[in-house]
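**Q** Enclosed is the structure file upload18.cif (mmCIF, C-alpha atoms).
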data_structure
#
loop_
_atom_site.label_atom_id
_atom_site.label_comp_id
_atom_site.auth_asym_id
_atom_site.auth_seq_id
_atom_site.Cartn_x
_atom_site.Cartn_y
_atom_site.Cartn_z
CA MET T 141 112.65 116.43 91.48
CA GLY T 142 111.92 117.28 95.09
CA TRP T 143 108.90 117.55 97.32
CA GLU T 144 106.69 118.57 94.41
CA CYS T 145 106.95 115.06 92.90
CA TYR T 146 104.43 113.69 95.40
CA SER T 147 100.66 113.88 95.30
CA VAL T 148 97.57 111.89 96.16
CA ASP T 149 96.05 110.46 92.97
CA GLN T 150 93.61 107.80 91.77
CA THR T 151 95.83 104.98 93.06
CA HIS T 152 95.12 106.11 96.64
CA ASP T 153 91.32 106.29 96.32
CA PRO T 154 89.92 104.32 99.28
CA ALA T 155 86.97 103.28 97.09
CA LEU T 156 89.29 101.62 94.55
CA THR T 157 88.84 97.85 94.39
CA SER T 158 90.58 95.00 92.62
CA TRP T 159 89.42 91.92 90.75
CA VAL T 160 91.76 90.01 93.10
CA PRO T 161 89.25 89.08 95.84
CA SER T 162 91.75 88.82 98.71
CA ALA T 163 92.90 92.41 98.12
CA GLN T 164 89.63 93.84 99.47
CA GLY T 165 90.16 94.77 103.11
CA HIS T 166 93.58 93.14 103.22
CA PRO T 167 95.41 94.56 106.28
CA ASP T 168 98.68 94.98 104.38
CA PHE T 169 98.29 94.62 100.64
CA PRO T 170 95.14 96.23 99.19
CA ILE T 171 95.34 97.71 95.70
CA GLN T 172 96.24 101.09 97.24
CA ASN T 173 99.65 99.74 98.36
CA LEU T 174 101.40 97.58 95.72
CA PRO T 175 104.84 97.31 97.37
CA PHE T 176 107.81 96.00 95.39
CA GLY T 177 109.70 92.81 96.22
CA ILE T 178 111.89 90.09 94.70
CA PHE T 179 110.54 86.54 94.49
CA HIS T 180 110.92 83.26 92.73
CA ARG T 181 108.27 80.64 92.21
CA VAL T 182 109.03 77.13 93.47
CA ASP T 183 107.37 74.36 91.45
CA ASP T 184 106.43 70.85 92.55
CA LYS T 185 109.98 69.63 91.95
CA ASP T 186 111.45 72.31 94.20
CA ASP T 187 113.18 73.81 91.19
CA PRO T 188 112.98 77.57 91.67
CA SER T 189 112.21 79.82 88.76
CA PRO T 190 114.52 82.81 88.17
CA ALA T 191 114.16 85.58 90.73
CA ARG T 192 112.24 88.60 89.43
CA THR T 193 110.33 91.67 90.54
CA GLY T 194 106.83 91.40 91.95
CA MET T 195 104.20 93.44 93.75
CA ALA T 196 102.07 92.27 96.66
CA ILE T 197 98.31 92.29 96.01
CA GLY T 198 96.15 90.55 98.60
CA ASP T 199 97.37 86.98 98.99
CA TYR T 200 99.21 87.01 95.66
CA VAL T 201 102.35 88.28 94.02
CA LEU T 202 101.88 90.20 90.79
CA ASP T 203 104.62 89.07 88.40
CA LEU T 204 105.77 92.35 86.86
CA THR T 205 107.98 90.62 84.30
CA ALA T 206 104.96 88.67 83.04
CA CYS T 207 102.97 91.92 82.84
CA HIS T 208 105.71 93.47 80.75
CA ASP T 209 106.12 90.45 78.51
CA GLU T 210 102.37 90.42 77.82
CA GLY T 211 102.64 94.02 76.59
CA TRP T 212 100.54 95.65 79.29
CA PHE T 213 103.09 98.31 80.23
CA THR T 214 103.77 101.46 78.24
CA GLY T 215 106.23 104.36 78.34
CA ALA T 216 108.64 104.37 81.28
CA ALA T 217 107.13 101.15 82.66
CA ASP T 218 107.69 99.38 79.34
CA ARG T 219 111.29 100.60 79.17
CA ALA T 220 111.89 99.02 82.60
CA GLY T 221 111.45 95.51 81.19
CA ALA T 222 115.02 94.30 81.61
CA ALA T 223 115.27 95.84 85.06
CA LEU T 224 112.06 94.11 86.20
CA ALA T 225 113.53 90.75 85.21
CA ALA T 226 116.66 91.27 87.33
CA PRO T 227 117.11 89.30 90.60
CA ALA T 228 117.20 92.48 92.73
CA LEU T 229 115.45 95.84 92.74
CA ASN T 230 118.67 97.82 92.23
CA HIS T 231 118.18 98.14 88.47
CA VAL T 232 114.59 99.33 88.80
CA MET T 233 115.52 101.77 91.56
CA ALA T 234 118.34 103.26 89.50
CA LEU T 235 115.81 104.28 86.82
CA GLY T 236 114.25 106.93 89.06
CA ARG T 237 110.88 107.99 90.36
CA GLU T 238 109.24 108.44 86.96
CA THR T 239 109.73 104.73 86.34
CA TRP T 240 108.75 103.61 89.86
CA ARG T 241 105.57 105.65 89.66
CA ALA T 242 104.73 104.49 86.12
CA VAL T 243 105.03 100.81 87.08
CA ARG T 244 102.88 101.27 90.20
CA THR T 245 100.25 103.37 88.40
CA GLN T 246 99.93 100.98 85.47
CA ALA T 247 99.87 97.94 87.77
CA SER T 248 97.05 99.60 89.71
CA ALA T 249 95.05 100.16 86.54
CA LEU T 250 95.64 96.55 85.45
CA LEU T 251 94.49 95.16 88.80
CA ALA T 252 91.47 97.45 89.24
CA THR T 253 88.00 95.95 89.10
CA ASP T 254 87.14 98.01 86.01
CA SER T 255 90.36 97.04 84.17
CA PRO T 256 89.58 96.70 80.42
CA VAL T 257 92.27 94.03 80.15
CA TYR T 258 90.60 91.95 82.86
CA ARG T 259 87.14 92.47 81.37
CA SER T 260 88.38 91.05 78.10
CA ASN T 261 90.20 88.14 79.74
CA ARG T 262 88.79 86.81 83.01
CA ARG T 263 91.65 84.32 83.23
CA LEU T 264 94.20 87.13 83.38
CA GLY T 265 95.30 86.11 86.87
CA ASP T 266 96.48 82.73 85.60
CA HIS T 267 99.20 84.52 83.64
CA ILE T 268 100.38 87.21 86.05
CA LEU T 269 99.53 86.17 89.63
CA VAL T 270 101.48 83.78 91.86
CA PRO T 271 99.97 82.64 95.17
CA MET T 272 102.18 83.86 98.02
CA ALA T 273 102.19 80.30 99.34
CA GLU T 274 104.03 79.27 96.15
CA ALA T 275 106.52 82.14 96.14
CA GLU T 276 109.73 82.45 98.12
CA MET T 277 110.59 86.04 98.95
CA LEU T 278 114.22 87.15 98.79
CA LEU T 279 116.08 90.22 99.98
CA PRO T 280 114.62 93.08 97.93
CA ALA T 281 117.97 94.56 96.95
CA MET T 282 121.66 93.85 96.73
CA VAL T 283 122.72 96.09 99.60
CA GLY T 284 126.18 97.50 99.12
CA ASP T 285 126.18 99.59 102.30
CA TYR T 286 124.09 99.56 105.46
CA THR T 287 123.92 102.44 107.94
CA ASP T 288 122.06 102.42 111.24
CA PHE T 289 120.83 105.65 112.82
CA TYR T 290 119.67 106.56 116.33
CA ALA T 291 116.71 108.73 115.36
CA SER T 292 114.34 108.19 118.32
CA VAL T 293 114.95 110.70 121.09
CA HIS T 294 112.83 108.54 123.40
CA HIS T 295 115.07 105.52 122.78
CA ALA T 296 118.23 107.60 123.10
CA THR T 297 117.00 109.15 126.35
CA ASN T 298 115.98 105.81 127.86
CA VAL T 299 119.25 104.11 127.01
CA GLY T 300 121.32 107.12 128.01
CA SER T 301 119.59 107.36 131.38
CA MET T 302 120.60 103.79 132.20
CA PHE T 303 124.25 104.74 131.94
CA ARG T 304 124.23 108.53 132.48
CA PRO T 305 121.17 109.32 134.65
CA ASP T 306 122.14 112.97 135.05
CA ASN T 307 122.92 113.56 131.37
CA PRO T 308 121.22 110.94 129.15
CA LEU T 309 121.61 112.77 125.82
CA LEU T 310 125.05 113.69 124.58
CA PRO T 311 125.50 117.30 123.37
CA ASN T 312 125.43 116.46 119.65
CA TYR T 313 122.17 114.48 119.63
CA LYS T 314 119.79 117.37 118.86
CA TRP T 315 122.07 118.85 116.23
CA LEU T 316 122.57 115.92 113.84
CA PRO T 317 121.28 112.38 113.20
CA ILE T 318 123.67 110.01 114.99
CA GLY T 319 124.58 106.86 113.04
CA TYR T 320 127.18 104.18 112.41
CA HIS T 321 128.07 101.98 109.46
CA GLY T 322 126.74 98.44 109.80
CA ARG T 323 127.45 95.19 108.01
CA ALA T 324 125.68 94.56 104.69
CA SER T 325 126.81 90.94 104.27
CA SER T 326 124.81 89.73 107.30
CA LEU T 327 121.48 91.20 106.20
CA VAL T 328 118.93 88.38 105.92
CA VAL T 329 115.36 88.24 104.67
CA SER T 330 112.40 87.75 107.01
CA GLY T 331 112.00 84.14 108.13
CA THR T 332 115.72 83.37 108.25
CA PRO T 333 116.75 81.79 111.60
CA VAL T 334 119.19 83.87 113.65
CA ARG T 335 121.92 82.02 115.50
CA ARG T 336 122.81 83.33 118.95
CA PRO T 337 126.18 85.03 118.59
CA ARG T 338 129.30 84.35 120.62
CA GLY T 339 131.67 87.06 121.68
CA GLN T 340 133.68 88.62 124.46
CA ILE T 341 131.64 89.35 127.59
CA LYS T 342 133.01 91.17 130.61
CA ASP T 343 131.08 90.71 133.83
CA PRO T 344 131.49 93.82 136.02
CA LYS T 345 132.60 91.58 138.88
CA ALA T 346 135.12 89.60 136.82
CA ASP T 347 138.77 90.51 136.34
CA VAL T 348 138.93 89.34 132.72
CA PRO T 349 136.39 88.87 129.92
CA GLU T 350 135.23 85.49 128.62
CA TYR T 351 134.33 84.27 125.14
CA ALA T 352 130.83 82.83 125.34
CA PRO T 353 127.35 82.89 123.79
CA SER T 354 125.51 86.15 124.37
CA ARG T 355 123.25 86.06 127.41
CA SER T 356 121.58 89.40 126.59
CA LEU T 357 120.30 88.98 123.04
CA ASP T 358 117.82 91.66 122.02
CA TYR T 359 115.77 92.83 119.05
CA GLU T 360 115.37 96.40 117.81
CA MET T 361 112.20 97.52 116.04
CA GLU T 362 113.38 99.73 113.17
CA VAL T 363 112.20 101.08 109.84
CA GLY T 364 114.52 100.71 106.88
CA CYS T 365 114.94 103.24 104.07
CA ILE T 366 116.20 102.02 100.69
CA ILE T 367 118.09 104.32 98.34
CA GLY T 368 116.79 104.51 94.79
CA VAL T 369 118.83 106.99 92.76
CA GLY T 370 122.31 107.63 94.09
CA ASN T 371 124.48 110.75 94.13
CA ALA T 372 127.96 111.35 92.78
CA LEU T 373 130.92 111.20 95.14
CA GLY T 374 131.60 114.66 96.54
CA THR T 375 128.07 115.92 95.79
CA PRO T 376 125.81 116.44 98.82
CA VAL T 377 122.05 115.85 98.55
CA PRO T 378 120.07 118.91 99.66
CA ILE T 379 117.14 118.34 102.01
CA THR T 380 114.76 119.56 99.28
CA ALA T 381 115.88 116.71 96.98
CA ALA T 382 116.39 113.99 99.58
CA GLU T 383 113.16 112.13 98.99
CA SER T 384 113.71 111.95 95.23
CA HIS T 385 116.61 109.63 96.12
CA LEU T 386 114.53 107.46 98.45
CA PHE T 387 112.76 104.48 96.87
CA GLY T 388 110.73 103.28 99.84
CA LEU T 389 110.53 101.88 103.35
CA CYS T 390 110.66 98.40 104.87
CA LEU T 391 110.89 96.85 108.35
CA VAL T 392 114.21 96.03 110.02
CA ASN T 393 115.11 94.01 113.11
CA ASP T 394 118.62 95.04 114.09
CA TRP T 395 119.43 92.16 116.45
CA SER T 396 121.76 93.26 119.25
CA ALA T 397 123.89 91.37 121.76
CA ARG T 398 123.78 93.81 124.67
CA ASP T 399 126.46 92.11 126.77
CA LEU T 400 128.92 92.12 123.87
CA GLN T 401 127.96 95.71 123.15
CA SER T 402 128.59 97.00 126.67
CA TRP T 403 132.15 95.62 126.61
CA GLU T 404 133.22 96.57 123.09
CA TYR T 405 131.47 99.84 122.23
CA GLN T 406 134.03 102.23 123.72
CA PRO T 407 135.74 104.07 122.10
CA LEU T 408 134.57 103.34 118.53
CA GLY T 409 130.98 102.15 118.90
CA PRO T 410 129.01 99.07 117.78
CA PHE T 411 130.83 96.17 116.15
CA LEU T 412 130.36 92.43 116.83
CA ALA T 413 127.30 93.10 118.97
CA LYS T 414 125.46 94.22 115.85
CA ASN T 415 126.97 92.65 112.74
CA PHE T 416 125.97 88.98 113.21
CA ALA T 417 122.47 89.41 111.69
CA THR T 418 119.97 92.08 110.65
CA THR T 419 116.55 90.92 109.43
CA VAL T 420 114.82 92.83 106.63
CA SER T 421 111.20 92.49 105.50
CA PRO T 422 110.83 91.48 101.83
CA TRP T 423 108.32 94.12 100.70
CA VAL T 424 109.32 97.74 100.05
CA VAL T 425 106.46 100.23 100.39
CA THR T 426 107.09 103.18 98.10
CA LEU T 427 106.83 106.79 99.18
CA ASP T 428 104.15 107.19 96.53
CA ALA T 429 101.98 104.61 98.33
CA LEU T 430 102.62 106.39 101.64
CA GLU T 431 101.55 109.80 100.36
CA PRO T 432 98.21 109.85 102.27
CA PHE T 433 100.09 109.31 105.53
CA ARG T 434 102.56 112.17 105.37
CA VAL T 435 102.60 114.46 108.40
CA PRO T 436 104.68 117.45 109.54
CA ALA T 437 108.18 116.79 110.79
CA THR T 438 108.28 116.22 114.54
CA ALA T 439 107.64 119.41 116.48
CA ARG T 440 110.66 120.11 118.63
CA PRO T 441 110.12 120.95 122.30
CA ALA T 442 110.63 124.52 123.36
CA GLY T 443 114.30 125.17 123.96
CA ASP T 444 115.58 122.60 121.45
CA PRO T 445 117.85 123.98 118.74
CA ALA T 446 116.41 124.44 115.27
CA PRO T 447 117.99 122.16 112.65
CA LEU T 448 120.84 123.72 110.70
CA PRO T 449 119.79 125.00 107.27
CA HIS T 450 121.00 121.91 105.37
CA LEU T 451 118.66 119.75 107.49
CA THR T 452 115.42 121.66 107.13
CA SER T 453 113.19 123.50 104.68
CA PRO T 454 109.61 124.80 104.77
CA GLU T 455 108.43 121.83 102.69
CA HIS T 456 110.17 119.40 105.01
CA GLU T 457 108.67 120.97 108.11
CA ALA T 458 105.21 120.73 106.53
CA ARG T 459 105.35 117.07 105.43
CA GLY T 460 108.66 115.46 106.32
CA GLY T 461 107.18 112.92 108.72
CA VAL T 462 105.54 109.56 107.96
CA ASP T 463 102.77 108.36 110.27
CA LEU T 464 103.41 104.62 110.57
CA THR T 465 102.54 102.29 113.44
CA VAL T 466 105.06 99.54 114.24
CA GLU T 467 104.43 96.56 116.50
CA VAL T 468 106.56 93.77 118.00
CA TYR T 469 105.25 90.30 118.86
CA LEU T 470 106.98 87.46 120.70
CA ALA T 471 106.22 83.73 120.77
CA SER T 472 108.40 81.39 122.84
CA ALA T 473 108.91 77.73 121.93
CA ARG T 474 106.58 76.76 124.80
CA MET T 475 103.90 79.20 123.62
CA ARG T 476 103.97 77.71 120.13
CA ALA T 477 103.83 74.15 121.53
CA GLU T 478 100.80 75.10 123.64
CA GLY T 479 99.08 76.84 120.72
CA THR T 480 99.25 80.24 122.41
CA ALA T 481 99.14 83.25 120.12
CA PRO T 482 102.17 85.58 120.08
CA ILE T 483 102.03 88.38 122.64
CA ARG T 484 102.37 91.98 121.53
CA LEU T 485 105.27 93.59 123.36
CA SER T 486 105.13 97.12 122.00
CA ARG T 487 103.43 99.53 119.62
CA GLY T 488 105.24 102.68 118.47
CA ARG T 489 104.87 105.48 115.93
CA VAL T 490 107.44 106.48 113.35
CA ALA T 491 106.05 110.02 113.53
CA ASP T 492 107.60 110.23 117.02
CA LEU T 493 111.14 110.05 115.63
CA TYR T 494 113.27 113.12 116.27
CA TRP T 495 114.91 112.87 112.84
CA THR T 496 113.01 112.11 109.61
CA PRO T 497 114.12 109.84 106.74
CA ALA T 498 114.86 112.91 104.59
CA GLN T 499 117.06 114.41 107.31
CA MET T 500 118.93 111.14 107.77
CA LEU T 501 119.57 110.88 104.03
CA ALA T 502 120.59 114.52 103.66
CA HIS T 503 122.94 114.25 106.64
CA HIS T 504 124.43 110.99 105.31
CA ALA T 505 125.33 112.68 102.03
CA SER T 506 126.15 116.11 103.48
CA ASN T 507 129.90 115.47 103.39
CA GLY T 508 129.78 114.20 99.81
CA CYS T 509 129.30 110.53 100.69
CA ASN T 510 128.05 108.75 97.57
CA LEU T 511 124.89 106.75 98.19
CA GLN T 512 124.07 104.05 95.65
CA PRO T 513 120.91 102.24 94.49
CA GLY T 514 120.08 99.55 97.01
CA ASP T 515 121.92 101.10 99.93
CA LEU T 516 119.96 100.68 103.16
CA PHE T 517 119.79 102.90 106.20
CA ALA T 518 117.63 102.25 109.23
CA THR T 519 116.09 104.58 111.77
CA GLY T 520 117.40 102.91 114.89
CA THR T 521 114.95 101.65 117.50
CA VAL T 522 111.51 103.23 117.15
CA SER T 523 110.38 104.04 120.69
CA GLY T 524 107.74 106.40 122.03
CA PRO T 525 107.09 108.34 125.22
CA THR T 526 105.22 105.51 127.00
CA LYS T 527 106.46 102.14 128.23
CA ASP T 528 104.28 100.18 125.80
CA ALA T 529 105.97 102.03 122.92
CA ARG T 530 109.52 100.94 123.76
CA GLY T 531 110.98 99.13 120.76
CA CYS T 532 113.49 96.76 122.37
CA LEU T 533 113.86 94.57 125.47
CA LEU T 534 116.70 96.70 126.82
CA GLU T 535 114.12 99.44 127.35
CA LEU T 536 111.07 97.28 128.11
CA THR T 537 112.84 95.37 130.91
CA TRP T 538 115.02 98.34 131.86
CA ARG T 539 118.26 96.44 131.28
CA GLY T 540 116.79 93.31 132.88
CA ALA T 541 115.59 94.92 136.12
CA GLU T 542 111.89 94.62 135.19
CA PRO T 543 111.33 91.18 133.57
CA LEU T 544 108.35 90.49 131.32
CA THR T 545 105.96 87.65 132.04
CA LEU T 546 104.67 85.75 129.00
CA PRO T 547 101.24 84.05 128.76
CA SER T 548 103.01 80.71 129.36
CA GLY T 549 104.30 81.95 132.71
CA GLU T 550 107.85 82.26 131.39
CA ARG T 551 109.83 85.38 132.24
CA ARG T 552 112.05 87.33 129.90
CA THR T 553 114.72 89.91 130.41
CA PHE T 554 116.31 89.15 127.03
CA LEU T 555 115.66 86.60 124.29
CA GLU T 556 115.97 82.86 124.85
CA ASP T 557 116.65 80.16 122.25
CA GLY T 558 113.46 79.29 120.41
CA ASP T 559 111.94 82.76 120.80
CA GLU T 560 110.40 84.06 117.59
CA VAL T 561 110.16 87.82 117.11
CA THR T 562 107.68 89.17 114.55
CA MET T 563 107.49 92.83 113.59
CA ARG T 564 104.65 94.43 111.68
CA GLY T 565 104.05 97.93 110.39
CA TYR T 566 101.08 99.71 108.89
CA ALA T 567 99.64 103.11 108.07
CA GLU T 568 96.00 104.02 108.58
CA ARG T 569 93.87 107.12 108.94
CA GLU T 570 90.30 108.16 108.31
CA GLY T 571 89.61 108.69 104.63
CA ALA T 572 92.40 106.40 103.38
CA ALA T 573 92.81 102.66 102.88
CA ARG T 574 95.07 101.00 105.44
CA ILE T 575 98.31 99.69 103.96
CA GLY T 576 101.00 97.58 105.59
CA PHE T 577 104.46 96.10 105.30
CA GLY T 578 103.84 92.42 105.98
CA GLU T 579 106.12 90.69 108.49
CA CYS T 580 109.73 90.96 109.58
CA ARG T 581 110.26 87.68 111.41
CA GLY T 582 113.15 85.73 112.88
CA MET T 583 113.64 82.88 115.38
CA VAL T 584 116.62 82.58 117.72
CA THR T 585 118.55 79.32 117.41
CA PRO T 586 121.29 78.09 119.78
CA ALA T 587 124.87 79.32 119.47
#
Here is a file; write its structure as structure tokens.

**A**
Amino acid sequence: MGWECYSVDQTHDPALTSWVPSAQGHPDFPIQNLPFGIFHRVDDKDDPSPARTGMAIGDYVLDLTACHDEGWFTGAADRAGAALAAPALNHVMALGRETWRAVRTQASALLATDSPVYRSNRRLGDHILVPMAEAEMLLPAMVGDYTDFYASVHHATNVGSMFRPDNPLLPNYKWLPIGYHGRASSLVVSGTPVRRPRGQIKDPKADVPEYAPSRSLDYEMEVGCIIGVGNALGTPVPITAAESHLFGLCLVNDWSARDLQSWEYQPLGPFLAKNFATTVSPWVVTLDALEPFRVPATARPAGDPAPLPHLTSPEHEARGGVDLTVEVYLASARMRAEGTAPIRLSRGRVADLYWTPAQMLAHHASNGCNLQPGDLFATGTVSGPTKDARGCLLELTWRGAEPLTLPSGERRTFLEDGDEVTMRGYAEREGAARIGFGECRGMVTPA
């Protein structure tokens, strides 16, 4: 299965409505979306039920295990019963796109206003819906490996120009997606507090480094890509098949300690500046749900090299991009105490990335690296050509030289204790229902 496995169908119809009232006009979770996630329900005694697979629909979680147990799934969706009851999406993802699509399509039919099942049982929601307020969301997958890319040429150029003004991009950047292997064990779900890391810091004016809490803590607005079906060790994934291995997208905040990073990154790259925490949103939006928002791969400026053959194809050039908008909001402790709404710091577009998710996946596996269900790779900071599209404070404050002023009057070059960073993502266009990713949120706590 390759590019031909995608198409717009009845599940994308903007006129489609649900018998779940809050789904109508929901900014993230209308019936046209139905992202997957892992949740458990917490009862009045704070005794959590077993974790299982759900879908977001309006202000509720659709319990897919309950749907299966009630006999409302058939074919591939029915055969996924045991996988849907597992405490992570890995088992569902390993079953492949036929199963993912069958579950989403049949869930859509069950939730639609004209659902025969609902017409015969108006209390259907009592059996299969859980209010989001009563559900705790968990990490969507057991992530065995995490890789972080550097796919935004705008981010790479901005950061490079701070250190190499005459030559901001290194020679390899426009030939291959740059990346590094991150730390899977420190991935945390949205809402988890993030403790300020300690590490070695070397002031340019000091003779020796010191071990201290980071004074330049930053966020990075990224989009995560979760592997569905893996590939065998030693078997590359061609660009034409890359997306058949990709389950869906989520939001990622790759927290970064810039002062630790500047001291440690040479000669081997990121390490302790990155591996203390990475926040992941709980809902995974499938590529099937994103079909109406596919766009051509980023047009390369005149003079840029064409991708090597293993990183391009006519189908990829025609529809390899995804047109998502991503936003970052900040609320300081003082702002929250004063009742001030979070301030939006940036708004960027995933379509501006130099390298697409399919190219990142194909490159990752091009040497025979075996990707596995649940593996996560992220795009790197999503930044655009304008200042208000810069996806991290390093860029927004230009390494601290241009501080931000918050509505409370506070100034920021980097994050302070008590700052809460919230990331949101969504896709919208004329003729399609807007769908979103929910939140990717984390608050900085003291070292």

**Q** Would you mind reading off the distance between atom CA of Tyr405 of chain T and atom CA of Ser325 of chain T, one decimal, in Å?

**A**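 Calculated distance between atom CA of Tyr405 of chain T and atom CA of Ser325 of chain T is 20.6 Å.
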
**Q** Could you tell me which residues the PyMOL selection byres ((chain T and resi 587) around 8) returns for this structure, as a list in words?

**A**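 Going through the file, the PyMOL selection byres ((chain T and resi 587) around 8) ends up selecting Arg335, Arg336, Pro337, Arg338, Pro353, Thr585 and Pro586 of chain T.
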
**Q** Tell me which of T:Ala572, T:Leu555, T:Leu533, T:Arg564 sits closest to Asn298 of chain T, counting only C-alpha atoms.

**A** T:Leu533

**Q** For each of T:Ser356, T:Val392, T:Lys314, T:Leu544, take the minimum atom-to-atom distance to Val329 of chain T, counting all atoms listed in the file, then give the residue where this is smallest.

**A**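 The closest residue to Val329 of chain T is T:Val392.
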
**Q** With distances taken over all atoms listed in the file, which residue among T:Met563, T:Pro422, T:Asp528, T:Asp444 lies nearest Ala471 of chain T?

**A**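 Result for the nearest residue to Ala471 of chain T: T:Met563.
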
**Q** Please enclose the listed atoms of segment 301-315 of chain T in an axis-aligned box, pad each side by 5 Å, and write out the centre and the three edge lengths in Å, rounded to one decimal, as JSON.

**A**
{"center_x": 122.5, "center_y": 111.3, "center_z": 125.6, "size_x": 15.9, "size_y": 25.1, "size_z": 28.8}

**Q** Could you list, as a list of chain:residue names, every residue within 12 Å of Glu570 of chain T, counting all atoms listed in the file and ignoring same-chain residues fewer than 4 positions away?

**A** T:Pro154, T:Pro432, T:Phe433, T:Arg574

**Q** How about saving the chosen residues, C-alpha atoms kept, as a compact mmCIF listing (two decimals), keeping the file's coordinate frame?

**A**
# COMPACT_ATOMS: atom_id res chain seq x y z
CA PRO T 154 89.92 104.32 99.28
CA PRO T 432 98.21 109.85 102.27
CA PHE T 433 100.09 109.31 105.53
CA ARG T 574 95.07 101.00 105.44

**Q** With distances taken over all atoms listed in the file, which of T:Val363, T:Leu400, T:Val466, T:Val334 is nearest to Glu556 of chain T?

**A**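 Smallest distance to Glu556 of chain T is found for T:Val334.
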
**Q** Please identify every residue of segment 243-289 of chain T that has at least one atom no farther than 8 Å from an atom of segment 205-213 of chain T, counting all atoms listed in the file, and for each give the shortest atom pair and the distance in Å to one decimal, arranged by chain then increasing number, as a Markdown table.

**A**
| residue | atom | partner | partner_atom | distance |
| --- | --- | --- | --- | --- |
| T:Val243 | CA | T:Phe213 | CA | 7.5 |
| T:Gln246 | CA | T:Phe213 | CA | 6.7 |
| T:Leu250 | CA | T:Trp212 | CA | 7.9 |
| T:His267 | CA | T:Ala206 | CA | 7.1 |
| T:Ile268 | CA | T:Ala206 | CA | 5.7 |

**Q** Suppose you want the space between atom CA of Gly576 of chain T and atom CA of Val468 of chain T; what is it in Å?

**A**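 Atom CA of Val468 of chain T lies at a distance of 14.1 Å from atom CA of Gly576 of chain T.
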
**Q** For the file shown, report as number ranges by chain the outcome of the PyMOL selection byres ((chain T and resi 494-511) around 9) at residue level.

**A** T: 285, 287, 289-294, 314, 316-319, 365, 367, 369-383, 385-386, 437-440, 450-452, 456, 460-462, 490-493, 512-515, 517-519

**Q** Grab the residues selected above and save them as a short mmCIF file (atom, residue, chain, number, x, y, z; two decimals), keeping the file's coordinate frame with C-alpha atoms.

**A**
data_model
loop_
_atom_site.label_atom_id
_atom_site.label_comp_id
_atom_site.auth_asym_id
_atom_site.auth_seq_id
_atom_site.Cartn_x
_atom_site.Cartn_y
_atom_site.Cartn_z
CA ASP T 285 126.18 99.59 102.30
CA THR T 287 123.92 102.44 107.94
CA PHE T 289 120.83 105.65 112.82
CA TYR T 290 119.67 106.56 116.33
CA ALA T 291 116.71 108.73 115.36
CA SER T 292 114.34 108.19 118.32
CA VAL T 293 114.95 110.70 121.09
CA HIS T 294 112.83 108.54 123.40
CA LYS T 314 119.79 117.37 118.86
CA LEU T 316 122.57 115.92 113.84
CA PRO T 317 121.28 112.38 113.20
CA ILE T 318 123.67 110.01 114.99
CA GLY T 319 124.58 106.86 113.04
CA CYS T 365 114.94 103.24 104.07
CA ILE T 367 118.09 104.32 98.34
CA VAL T 369 118.83 106.99 92.76
CA GLY T 370 122.31 107.63 94.09
CA ASN T 371 124.48 110.75 94.13
CA ALA T 372 127.96 111.35 92.78
CA LEU T 373 130.92 111.20 95.14
CA GLY T 374 131.60 114.66 96.54
CA THR T 375 128.07 115.92 95.79
CA PRO T 376 125.81 116.44 98.82
CA VAL T 377 122.05 115.85 98.55
CA PRO T 378 120.07 118.91 99.66
CA ILE T 379 117.14 118.34 102.01
CA THR T 380 114.76 119.56 99.28
CA ALA T 381 115.88 116.71 96.98
CA ALA T 382 116.39 113.99 99.58
CA GLU T 383 113.16 112.13 98.99
CA HIS T 385 116.61 109.63 96.12
CA LEU T 386 114.53 107.46 98.45
CA ALA T 437 108.18 116.79 110.79
CA THR T 438 108.28 116.22 114.54
CA ALA T 439 107.64 119.41 116.48
CA ARG T 440 110.66 120.11 118.63
CA HIS T 450 121.00 121.91 105.37
CA LEU T 451 118.66 119.75 107.49
CA THR T 452 115.42 121.66 107.13
CA HIS T 456 110.17 119.40 105.01
CA GLY T 460 108.66 115.46 106.32
CA GLY T 461 107.18 112.92 108.72
CA VAL T 462 105.54 109.56 107.96
CA VAL T 490 107.44 106.48 113.35
CA ALA T 491 106.05 110.02 113.53
CA ASP T 492 107.60 110.23 117.02
CA LEU T 493 111.14 110.05 115.63
CA GLN T 512 124.07 104.05 95.65
CA PRO T 513 120.91 102.24 94.49
CA GLY T 514 120.08 99.55 97.01
CA ASP T 515 121.92 101.10 99.93
CA PHE T 517 119.79 102.90 106.20
CA ALA T 518 117.63 102.25 109.23
CA THR T 519 116.09 104.58 111.77
#

**Q** Between atom CA of Gly578 of chain T and atom CA of Gly565 of chain T, what is the spacing in Å?

**A** 7.1 Å

**Q** Out of T:Thr239, T:Asn415, T:Ser421, T:Ser162, which residue has the shortest atom-to-atom distance to Trp395 of chain T when counting only C-alpha atoms?

**A**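 The shortest atom-to-atom distance to Trp395 of chain T comes from T:Asn415.
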